[in-house]
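**Q** Structure in structure tokens, see below.
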Amino acid sequence: SITKRKTNMIQVIANQHVRPDKTEIFLKLAAELVSKTNRLDEGCIEYGLYRDLKNPNDFIFTEKWKNQELLERHPNIFAKSFRNSANAS
């Protein structure tokens, strides 16, 4: 038998454009952000970063969370840190 369960999973897709002279530092800090979020954030199902093949300074973050409450607990300290350090536009 199949058990139906209500799910409140949240998916987030965020675009980020990075200045060409800041791409290297952005990638370093983004890799740390993705790794820490996947390992440490309660409720994180998946957190990833993808690079646009046609526009190499454009990136897409994808996030999947168990629910809205756990997404809201996600500390944006890492995100703010690398945005400031990478000086992303």
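Order determines the names: the first chain of the structure tokens is A, the second B, and so forth; residues in each chain are numbered 1 upward, and ligands are numbered 1 upward as they are shown.
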Run DSSP on the backbone of this structure and report the residues of region 5-44 of chain A it assigns to helix (DSSP H, G or I), as an MDAnalysis selection string.
**A** chainID A and resid 20:40
**Q** Just to confirm, what's the straight-line distance from CA of Asp21 (chain A) to CA of Glu63 (chain A) in Å (one decimal)?
**A** 26.3 Å
**Q** Give me, as a compact mmCIF listing (two decimals) with N, CA, C and O atoms, in the first residue's frame, all polymer residues having an atom no more than 6 Å from region 8-13 of chain A, counting only C-alpha atoms and skipping those fewer than 3 positions away in the same chain.
**A**
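Saved result, result_27.txt, follows:
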# COMPACT_ATOMS: atom_id res chain seq x y z
N PHE A 61 22.19 29.10 -7.69
CA PHE A 61 22.12 28.30 -6.47
C PHE A 61 20.77 27.60 -6.45
O PHE A 61 19.74 28.22 -6.75
N THR A 62 20.77 26.32 -6.12
CA THR A 62 19.51 25.59 -5.93
C THR A 62 19.49 25.07 -4.50
O THR A 62 20.50 24.61 -3.98
N GLU A 63 18.33 25.19 -3.88
CA GLU A 63 18.18 24.76 -2.50
C GLU A 63 16.88 23.96 -2.37
O GLU A 63 15.87 24.32 -2.96
N LYS A 64 16.93 22.92 -1.57
CA LYS A 64 15.73 22.17 -1.20
C LYS A 64 15.76 22.02 0.31
O LYS A 64 16.76 21.59 0.89
N TRP A 65 14.63 22.39 0.93
CA TRP A 65 14.50 22.36 2.38
C TRP A 65 13.27 21.56 2.77
O TRP A 65 12.28 21.56 2.06
N LYS A 66 13.33 20.93 3.93
CA LYS A 66 12.20 20.12 4.41
C LYS A 66 10.94 20.95 4.60
O LYS A 66 9.85 20.47 4.36
N ASN A 67 11.10 22.21 5.04
CA ASN A 67 9.94 23.08 5.21
C ASN A 67 10.40 24.53 5.35
O ASN A 67 11.60 24.82 5.45
**Q** What is the CA of Asn55 (chain A) to CA of Ile25 (chain A) distance in Å?
**A**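 Computing the Euclidean distance for CA of Asn55 (chain A) and CA of Ile25 (chain A) yields 17.4 Å.
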